[in-house]
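Colleague: Sending over a structure as structure tokens; questions will come in a sec.
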Amino acid sequence: MDRTAGKELALARLQDWGEETEDGAVYSVSLRRQLSQRLGPRAGPGGSQAPNPAADAFLHYRTSKVRALRAARLERLVQELVSGDREQDPGFVPAFLATHRAFVSTARVLGLLLPPPPPPLPPGIEIKKTEGGGLRVNKNLRAVVSVLGSWLRDHPQDFRDPPAHSDLGSVCTFLGWAAPAGPEAQKAEKLLGDFLEEAEQKQEEEEKPEAWTGPPGAVHSPCPDSPNDCSEEEAGRVREGPELLDFSVDELAEQLTLLDVELFSRVRSCECLGSVWSQRDRPGAASTAPTVRATVTQFNMVIGCVLGSVLGEQGLAAPQRAQRLEKWIRVAQRCRELRNFSSLRAILSALQSNPIYRLKRSWGAVSRERLSTFRKLSQIFSDENNHLSSREILSQEEATEGPQEEDTLPGNLPPKLPPGPVPYLGTFLTDLVMLDTALPDMLEGDLINFEKRRKEWEILAHIQQLQKRCGTYCLSPRAPVLAALRAQCQLSEEQSYRVSRVIEPPAASCPSSPHVRRRISPTKRLSAKLSRERRSSPAGSPGDPSSPTSSLSPASPPSSPRTRDPPGSPPASPGPQGPNTKLPLSLDLPALRLLALPLSNSHISVPGQPGSEARVIRVSIDNDHGNLYRSILLTSQDKAPSVVQRALEKHNVAQPWARDYQLFQVLPGDRELLIPDNANVFYAMSPAAPGDFVLRRKEGPRPTTTVSSS
């Protein structure tokens, strides 16, 4: 019977029914089948309960209508916070509180949400209180208090507005007369006190002539904004104290995990919204999304540590440098065991970067066992299928249960979960930016598209769930390791590549470079052969020296001349993924690259434009400012000049003249599709290839191989 009930319940899911409009608001309507209560057993002779075989043979269901607010004006959305049915639509309040900053300020919401204080009572009239000490308020006031309680608990930083924090002051004033003895009022007062105390401490520190930072080696919070940059000469000098790689694999992996957990736990979900994160490079937006920027900088710091430790000493022999490569592979493996996917991705990105990846002699001295480990780890973040492997592994890790001990755990306790995982935040940022690009903020009639906010909330809720799981890590800081991380020289992108060419000149070859043989289709073999005839880069593809350079990340334009060795350099393929020809070593060149979502390969309808289709594409600019992609929505009516203009504006290019640029679509096999100046990009592009494009100045160098769309 239980098995039958399980099958029936699986069928009792929501079924889309349509839409309803009420008072200018649009609701999505669904039908839900719910298991109803069974009738009690019949009374037998003498009042005993007789079994009812007929009732036990059937399950009784009822169908109910479920409405969810899909679009409305701001006033209606705020009203829904108070008057909405939380049983029918339990996700509305958390979705609104988590995403409202994308379309309205906190002060504006409070202005609509908080009712005015009651008029003063005549003399001699007392106010009746409830048993808990609170005032007798109506249903709407209780709902407002409940919303504020959730807001203060889940998003306290929304009320930070220095120096006076007027928004939080308004909340305290309201709760002071609506629920003076409630936990919400206590939470608001405590939060206001904490904000004011932090401001006082900050002011006192600024007034001190010299702030003491503690004894040498003291443990401090990571300072991502001040990496230890050094020159190429300084990188090769022997420094006092232990080197970074002098510590054990466990120590390095655990301290990296400790830093990643600390920073990820501080991430504010609202800063991850695509509408917020995509504005980070605009003029005057240096303070945008500070908690997300901190994770990016930590990611880049790990990459810099790997580069500096592997390339720092130019005089090392190939076997010695191979030992350093093996050490970092073991650290990456330990990060995987600790479920730290952030540092794991950073270490792999550094090892796959061109300055390290091209060291054929060094990779040739790496043991087969370590190379096999490196290949397996790199498959987690393969660019194919939108990092599907990493997404699946992350889901599996979240569902993993820790070891159970029957003798120590009571039978009624839930299963013990292991700590983490710490995700690679770039995956979530990519999804949110793509979502923000694909769906409009407003719909016809000046209605706020709240369905978009619900989809964003699904991703933000996932981030918050992972943050709670990260709170279960039990790692202790080790001052010497943290000091070595901070002291490690950080080579710039140009420095790293120059040092790499000194260590192994471009003309050098090493027949013992490790290769990974992999079966490829005849079509790919032909493409690889054609690609080798025109390839001028030493970088091989995933695991096969004969495969095309399409294994290069889309963030690495194939025409980047300063990151290529001259023709004649044999390829080396120590791992399953080609190198990135540019390194994400600064906030201007973030490591969190935007990756194509499945949405980018499917057509979507454009609201307000009947018969018009669209897809999300990514456009980069071939210049010396990095390989940052910007996502834009391409409709079936867009011509090349408008696409180029919007892409230049997204990249904040000064004097963005579309006529000065040419648009190319990046194709597999190191090829590019030239989009004519007046072509309809939607129909001129190759539908089978990923939606990755690159802009180049018309007077600049042309790619070696192009295909005309005409």
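How things are named: the first chain in the structure tokens is A, the next is B, and so on; residues count from 1 in each chain; ligands count from 1 in the order shown.
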Show which residues sit within 6 Å of segment 681-692 of chain A, as a VMD selection string. Count only C-alpha atoms, and ignore same-chain residues fewer than 2 positions away.
Modeller: chain A and resid 617 to 618 636 639 to 640 665 to 666 679 709
Colleague: For Ala102 of chain A, please output as a VMD selection string all residues within 12 Å (counting only C-alpha atoms; exclusion window: fewer than 4 positions along the same chain).
Modeller: chain A and resid 95 to 98 106 269 to 279 432 436 441 to 442 448 to 450 452 to 453 456 to 457
Colleague: Output N, CA, C and O atoms for every residue in the selection just made, as a tab-separated table (two decimals), in the first residue's frame.
Modeller:
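Final output, out_33.tsv:
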chain	number	residue	atom	x	y	z
A	95	ALA	N	11.43	35.10	-1.72
A	95	ALA	CA	11.92	35.54	-3.03
A	95	ALA	C	11.95	37.05	-3.13
A	95	ALA	O	12.90	37.64	-3.66
A	96	PHE	N	10.92	37.73	-2.60
A	96	PHE	CA	10.88	39.18	-2.64
A	96	PHE	C	12.01	39.77	-1.79
A	96	PHE	O	12.73	40.69	-2.24
A	97	LEU	N	12.18	39.28	-0.57
A	97	LEU	CA	13.19	39.84	0.31
A	97	LEU	C	14.60	39.63	-0.24
A	97	LEU	O	15.48	40.47	-0.05
A	98	ALA	N	14.83	38.53	-0.93
A	98	ALA	CA	16.16	38.24	-1.44
A	98	ALA	C	16.49	39.00	-2.71
A	98	ALA	O	17.67	39.26	-2.99
A	106	THR	N	15.51	49.47	-0.39
A	106	THR	CA	14.94	49.05	0.88
A	106	THR	C	14.08	50.15	1.48
A	106	THR	O	13.00	49.89	2.04
A	269	SER	N	23.78	37.25	-0.69
A	269	SER	CA	23.11	36.69	-1.87
A	269	SER	C	22.69	37.77	-2.85
A	269	SER	O	22.74	37.56	-4.06
A	270	CYS	N	22.28	38.94	-2.35
A	270	CYS	CA	21.81	39.98	-3.28
A	270	CYS	C	22.94	40.48	-4.17
A	270	CYS	O	22.69	40.98	-5.27
A	271	GLU	N	24.20	40.37	-3.72
A	271	GLU	CA	25.33	40.81	-4.54
A	271	GLU	C	25.58	39.86	-5.71
A	271	GLU	O	26.28	40.23	-6.66
A	272	CYS	N	25.04	38.65	-5.64
A	272	CYS	CA	25.22	37.69	-6.72
A	272	CYS	C	24.23	37.88	-7.86
A	272	CYS	O	24.40	37.27	-8.93
A	273	LEU	N	23.20	38.70	-7.64
A	273	LEU	CA	22.20	38.93	-8.69
A	273	LEU	C	22.88	39.45	-9.95
A	273	LEU	O	23.80	40.27	-9.90
A	274	GLY	N	22.40	38.98	-11.09
A	274	GLY	CA	23.01	39.39	-12.34
A	274	GLY	C	22.97	40.89	-12.55
A	274	GLY	O	23.92	41.48	-13.07
A	275	SER	N	21.87	41.54	-12.15
A	275	SER	CA	21.76	42.99	-12.32
A	275	SER	C	22.74	43.75	-11.45
A	275	SER	O	23.07	44.90	-11.75
A	276	VAL	N	23.22	43.14	-10.37
A	276	VAL	CA	24.19	43.78	-9.48
A	276	VAL	C	25.61	43.44	-9.91
A	276	VAL	O	26.45	44.33	-10.10
A	277	TRP	N	25.90	42.15	-10.08
A	277	TRP	CA	27.25	41.73	-10.40
A	277	TRP	C	27.69	42.21	-11.78
A	277	TRP	O	28.88	42.51	-11.99
A	278	SER	N	26.79	42.32	-12.72
A	278	SER	CA	27.16	42.74	-14.06
A	278	SER	C	27.54	44.22	-14.12
A	278	SER	O	28.11	44.67	-15.11
A	279	GLN	N	27.26	44.98	-13.06
A	279	GLN	CA	27.59	46.41	-13.05
A	279	GLN	C	28.93	46.69	-12.39
A	279	GLN	O	29.29	47.84	-12.19
A	432	LEU	N	23.11	33.41	-12.89
A	432	LEU	CA	22.33	34.61	-12.55
A	432	LEU	C	22.50	35.70	-13.60
A	432	LEU	O	21.54	36.41	-13.91
A	436	ASP	N	19.50	37.11	-15.85
A	436	ASP	CA	19.19	38.54	-15.90
A	436	ASP	C	19.19	39.05	-17.33
A	436	ASP	O	18.41	39.95	-17.68
A	441	ASP	N	13.05	42.78	-17.06
A	441	ASP	CA	12.68	43.23	-15.72
A	441	ASP	C	11.21	43.66	-15.66
A	441	ASP	O	10.55	43.45	-14.64
A	442	MET	N	10.73	44.27	-16.73
A	442	MET	CA	9.37	44.80	-16.76
A	442	MET	C	8.59	44.14	-17.90
A	442	MET	O	9.16	43.81	-18.94
A	448	ILE	N	6.17	44.67	-12.87
A	448	ILE	CA	7.44	44.06	-12.50
A	448	ILE	C	7.35	42.56	-12.74
A	448	ILE	O	6.41	41.89	-12.29
A	449	ASN	N	8.30	42.03	-13.47
A	449	ASN	CA	8.32	40.62	-13.82
A	449	ASN	C	8.82	39.82	-12.60
A	449	ASN	O	10.01	39.55	-12.46
A	450	PHE	N	7.90	39.44	-11.73
A	450	PHE	CA	8.32	38.74	-10.52
A	450	PHE	C	8.63	37.28	-10.79
A	450	PHE	O	9.31	36.64	-9.98
A	452	LYS	N	10.66	36.31	-12.96
A	452	LYS	CA	12.11	36.36	-13.07
A	452	LYS	C	12.75	36.30	-11.71
A	452	LYS	O	13.76	35.61	-11.50
A	453	ARG	N	12.19	37.02	-10.73
A	453	ARG	CA	12.76	37.04	-9.38
A	453	ARG	C	12.62	35.68	-8.71
A	453	ARG	O	13.47	35.29	-7.91
A	456	GLU	N	15.47	33.63	-9.97
A	456	GLU	CA	16.71	34.06	-9.30
A	456	GLU	C	16.76	33.54	-7.87
A	456	GLU	O	17.83	33.14	-7.39
A	457	TRP	N	15.61	33.57	-7.20
A	457	TRP	CA	15.59	33.11	-5.82
A	457	TRP	C	15.93	31.63	-5.71
A	457	TRP	O	16.56	31.20	-4.73
Colleague: As a PyMOL selection string, please: the residues near Leu244 of chain A (cut-off 7 Å, only C-alpha atoms, same-chain neighbours under 5 positions excluded).
Modeller: chain A and resi 484-485+488
Colleague: Filtering to N, CA, C and O atoms, could you give me those residues as an mmCIF file, in the first residue's frame?
Modeller:
data_model
loop_
_atom_site.group_PDB
_atom_site.id
_atom_site.type_symbol
_atom_site.label_atom_id
_atom_site.label_comp_id
_atom_site.auth_asym_id
_atom_site.auth_seq_id
_atom_site.Cartn_x
_atom_site.Cartn_y
_atom_site.Cartn_z
ATOM 1 N N ALA A 484 52.732 32.430 4.909
ATOM 2 C CA ALA A 484 53.403 32.055 3.663
ATOM 3 C C ALA A 484 52.514 32.325 2.452
ATOM 4 O O ALA A 484 53.014 32.711 1.383
ATOM 5 N N LEU A 485 51.217 32.138 2.597
ATOM 6 C CA LEU A 485 50.300 32.450 1.496
ATOM 7 C C LEU A 485 50.342 33.939 1.167
ATOM 8 O O LEU A 485 50.363 34.334 -0.004
ATOM 9 N N GLN A 488 53.790 34.920 -0.517
ATOM 10 C CA GLN A 488 54.129 34.354 -1.817
ATOM 11 C C GLN A 488 54.055 35.422 -2.894
ATOM 12 O O GLN A 488 53.063 36.139 -3.019
#
Colleague: Please report, as a PDB file with all heavy atoms, in the first residue's frame, each residue of segment 603-686 of chain A to which DSSP assigns alpha helix (DSSP H) when run on this structure's backbone.
Modeller:
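states.pdb was written with the following content:
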ATOM      1  N   ALA A 640      23.814  43.369 -37.242  1.00  0.00           N
ATOM      2  CA  ALA A 640      25.168  43.391 -36.676  1.00  0.00           C
ATOM      3  C   ALA A 640      25.525  44.727 -36.024  1.00  0.00           C
ATOM      4  O   ALA A 640      26.096  44.733 -34.930  1.00  0.00           O
ATOM      5  CB  ALA A 640      26.182  43.032 -37.766  1.00  0.00           C
ATOM      6  N   PRO A 641      25.230  45.900 -36.633  1.00  0.00           N
ATOM      7  CA  PRO A 641      25.609  47.154 -35.975  1.00  0.00           C
ATOM      8  C   PRO A 641      25.002  47.323 -34.583  1.00  0.00           C
ATOM      9  O   PRO A 641      25.679  47.774 -33.653  1.00  0.00           O
ATOM     10  CB  PRO A 641      25.104  48.227 -36.950  1.00  0.00           C
ATOM     11  CG  PRO A 641      25.062  47.555 -38.277  1.00  0.00           C
ATOM     12  CD  PRO A 641      24.671  46.145 -37.979  1.00  0.00           C
ATOM     13  N   SER A 642      23.728  46.941 -34.418  1.00  0.00           N
ATOM     14  CA  SER A 642      23.105  47.100 -33.103  1.00  0.00           C
ATOM     15  C   SER A 642      23.699  46.136 -32.088  1.00  0.00           C
ATOM     16  O   SER A 642      23.874  46.473 -30.912  1.00  0.00           O
ATOM     17  CB  SER A 642      21.588  46.888 -33.205  1.00  0.00           C
ATOM     18  OG  SER A 642      21.280  45.556 -33.583  1.00  0.00           O
ATOM     19  N   VAL A 643      24.037  44.925 -32.519  1.00  0.00           N
ATOM     20  CA  VAL A 643      24.661  43.957 -31.614  1.00  0.00           C
ATOM     21  C   VAL A 643      26.033  44.443 -31.180  1.00  0.00           C
ATOM     22  O   VAL A 643      26.396  44.390 -29.996  1.00  0.00           O
ATOM     23  CB  VAL A 643      24.749  42.572 -32.280  1.00  0.00           C
ATOM     24  CG1 VAL A 643      25.518  41.593 -31.402  1.00  0.00           C
ATOM     25  CG2 VAL A 643      23.361  42.038 -32.584  1.00  0.00           C
ATOM     26  N   VAL A 644      26.810  44.950 -32.147  1.00  0.00           N
ATOM     27  CA  VAL A 644      28.146  45.467 -31.821  1.00  0.00           C
ATOM     28  C   VAL A 644      28.038  46.649 -30.871  1.00  0.00           C
ATOM     29  O   VAL A 644      28.791  46.761 -29.893  1.00  0.00           O
ATOM     30  CB  VAL A 644      28.889  45.852 -33.111  1.00  0.00           C
ATOM     31  CG1 VAL A 644      30.198  46.566 -32.788  1.00  0.00           C
ATOM     32  CG2 VAL A 644      29.163  44.620 -33.959  1.00  0.00           C
ATOM     33  N   GLN A 645      27.082  47.553 -31.131  1.00  0.00           N
ATOM     34  CA  GLN A 645      26.921  48.729 -30.286  1.00  0.00           C
ATOM     35  C   GLN A 645      26.570  48.339 -28.847  1.00  0.00           C
ATOM     36  O   GLN A 645      27.137  48.867 -27.890  1.00  0.00           O
ATOM     37  CB  GLN A 645      25.837  49.637 -30.866  1.00  0.00           C
ATOM     38  CG  GLN A 645      25.631  50.950 -30.132  1.00  0.00           C
ATOM     39  CD  GLN A 645      26.801  51.898 -30.331  1.00  0.00           C
ATOM     40  OE1 GLN A 645      27.456  51.860 -31.374  1.00  0.00           O
ATOM     41  NE2 GLN A 645      27.068  52.734 -29.347  1.00  0.00           N
ATOM     42  N   ARG A 646      25.642  47.415 -28.693  1.00  0.00           N
ATOM     43  CA  ARG A 646      25.246  46.988 -27.340  1.00  0.00           C
ATOM     44  C   ARG A 646      26.383  46.279 -26.633  1.00  0.00           C
ATOM     45  O   ARG A 646      26.573  46.438 -25.423  1.00  0.00           O
ATOM     46  CB  ARG A 646      24.024  46.090 -27.420  1.00  0.00           C
ATOM     47  CG  ARG A 646      22.739  46.860 -27.723  1.00  0.00           C
ATOM     48  CD  ARG A 646      21.683  45.968 -28.335  1.00  0.00           C
ATOM     49  NE  ARG A 646      21.452  44.757 -27.559  1.00  0.00           N
ATOM     50  CZ  ARG A 646      20.893  43.656 -28.060  1.00  0.00           C
ATOM     51  NH1 ARG A 646      20.548  43.620 -29.337  1.00  0.00           N
ATOM     52  NH2 ARG A 646      20.698  42.616 -27.296  1.00  0.00           N
ATOM     53  N   ALA A 647      27.156  45.498 -27.365  1.00  0.00           N
ATOM     54  CA  ALA A 647      28.285  44.802 -26.745  1.00  0.00           C
ATOM     55  C   ALA A 647      29.349  45.794 -26.283  1.00  0.00           C
ATOM     56  O   ALA A 647      29.915  45.652 -25.192  1.00  0.00           O
ATOM     57  CB  ALA A 647      28.885  43.798 -27.721  1.00  0.00           C
ATOM     58  N   LEU A 648      29.615  46.814 -27.090  1.00  0.00           N
ATOM     59  CA  LEU A 648      30.604  47.824 -26.694  1.00  0.00           C
ATOM     60  C   LEU A 648      30.134  48.592 -25.465  1.00  0.00           C
ATOM     61  O   LEU A 648      30.923  48.907 -24.571  1.00  0.00           O
ATOM     62  CB  LEU A 648      30.858  48.783 -27.859  1.00  0.00           C
ATOM     63  CG  LEU A 648      31.554  48.187 -29.093  1.00  0.00           C
ATOM     64  CD1 LEU A 648      31.597  49.207 -30.221  1.00  0.00           C
ATOM     65  CD2 LEU A 648      32.964  47.723 -28.742  1.00  0.00           C
ATOM     66  N   GLU A 649      28.853  48.902 -25.423  1.00  0.00           N
ATOM     67  CA  GLU A 649      28.327  49.603 -24.250  1.00  0.00           C
ATOM     68  C   GLU A 649      28.403  48.727 -23.006  1.00  0.00           C
ATOM     69  O   GLU A 649      28.697  49.216 -21.912  1.00  0.00           O
ATOM     70  CB  GLU A 649      26.889  50.036 -24.525  1.00  0.00           C
ATOM     71  CG  GLU A 649      26.763  51.109 -25.598  1.00  0.00           C
ATOM     72  CD  GLU A 649      25.318  51.422 -25.947  1.00  0.00           C
ATOM     73  OE1 GLU A 649      24.430  50.712 -25.410  1.00  0.00           O
ATOM     74  OE2 GLU A 649      25.072  52.326 -26.758  1.00  0.00           O
ATOM     75  N   LYS A 650      28.150  47.426 -23.168  1.00  0.00           N
ATOM     76  CA  LYS A 650      28.257  46.516 -22.029  1.00  0.00           C
ATOM     77  C   LYS A 650      29.684  46.450 -21.505  1.00  0.00           C
ATOM     78  O   LYS A 650      29.923  46.269 -20.307  1.00  0.00           O
ATOM     79  CB  LYS A 650      27.785  45.122 -22.430  1.00  0.00           C
ATOM     80  CG  LYS A 650      26.279  44.948 -22.414  1.00  0.00           C
ATOM     81  CD  LYS A 650      25.895  44.097 -21.220  1.00  0.00           C
ATOM     82  CE  LYS A 650      24.407  43.771 -21.233  1.00  0.00           C
ATOM     83  NZ  LYS A 650      24.034  42.867 -20.134  1.00  0.00           N
ATOM     84  N   VAL A 681      22.261  38.957 -37.346  1.00  0.00           N
ATOM     85  CA  VAL A 681      23.168  38.081 -36.601  1.00  0.00           C
ATOM     86  C   VAL A 681      22.465  36.791 -36.198  1.00  0.00           C
ATOM     87  O   VAL A 681      23.059  35.715 -36.204  1.00  0.00           O
ATOM     88  CB  VAL A 681      23.714  38.817 -35.366  1.00  0.00           C
ATOM     89  CG1 VAL A 681      24.672  37.923 -34.585  1.00  0.00           C
ATOM     90  CG2 VAL A 681      24.414  40.102 -35.784  1.00  0.00           C
ATOM     91  N   PHE A 682      21.195  36.877 -35.859  1.00  0.00           N
ATOM     92  CA  PHE A 682      20.461  35.712 -35.380  1.00  0.00           C
ATOM     93  C   PHE A 682      20.449  34.610 -36.431  1.00  0.00           C
ATOM     94  O   PHE A 682      20.580  33.428 -36.107  1.00  0.00           O
ATOM     95  CB  PHE A 682      19.033  36.115 -35.007  1.00  0.00           C
ATOM     96  CG  PHE A 682      18.243  35.041 -34.330  1.00  0.00           C
ATOM     97  CD1 PHE A 682      18.300  34.877 -32.955  1.00  0.00           C
ATOM     98  CD2 PHE A 682      17.425  34.187 -35.058  1.00  0.00           C
ATOM     99  CE1 PHE A 682      17.564  33.883 -32.325  1.00  0.00           C
ATOM    100  CE2 PHE A 682      16.691  33.196 -34.441  1.00  0.00           C
ATOM    101  CZ  PHE A 682      16.756  33.047 -33.061  1.00  0.00           C
ATOM    102  N   TYR A 683      20.289  34.978 -37.708  1.00  0.00           N
ATOM    103  CA  TYR A 683      20.218  33.983 -38.770  1.00  0.00           C
ATOM    104  C   TYR A 683      21.574  33.756 -39.438  1.00  0.00           C
ATOM    105  O   TYR A 683      21.781  32.730 -40.087  1.00  0.00           O
ATOM    106  CB  TYR A 683      19.191  34.406 -39.820  1.00  0.00           C
ATOM    107  CG  TYR A 683      17.782  34.455 -39.270  1.00  0.00           C
ATOM    108  CD1 TYR A 683      17.151  35.668 -39.036  1.00  0.00           C
ATOM    109  CD2 TYR A 683      17.103  33.287 -38.968  1.00  0.00           C
ATOM    110  CE1 TYR A 683      15.869  35.720 -38.520  1.00  0.00           C
ATOM    111  CE2 TYR A 683      15.816  33.325 -38.450  1.00  0.00           C
ATOM    112  CZ  TYR A 683      15.200  34.543 -38.223  1.00  0.00           C
ATOM    113  OH  TYR A 683      13.940  34.584 -37.698  1.00  0.00           O
ATOM    114  N   ALA A 684      22.511  34.691 -39.280  1.00  0.00           N
ATOM    115  CA  ALA A 684      23.825  34.524 -39.897  1.00  0.00           C
ATOM    116  C   ALA A 684      24.734  33.626 -39.073  1.00  0.00           C
ATOM    117  O   ALA A 684      25.630  32.978 -39.614  1.00  0.00           O
ATOM    118  CB  ALA A 684      24.495  35.884 -40.088  1.00  0.00           C
TER     119      ALA A 684
END
Colleague: Between A:Asn140, A:Cys172, A:Ala318, A:Pro183, which residue has the minimum interatomic distance to Arg153 of chain A, considering only C-alpha atoms?
Modeller: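 When distances to Arg153 of chain A are compared using only C-alpha atoms, the smallest one comes from A:Pro183.
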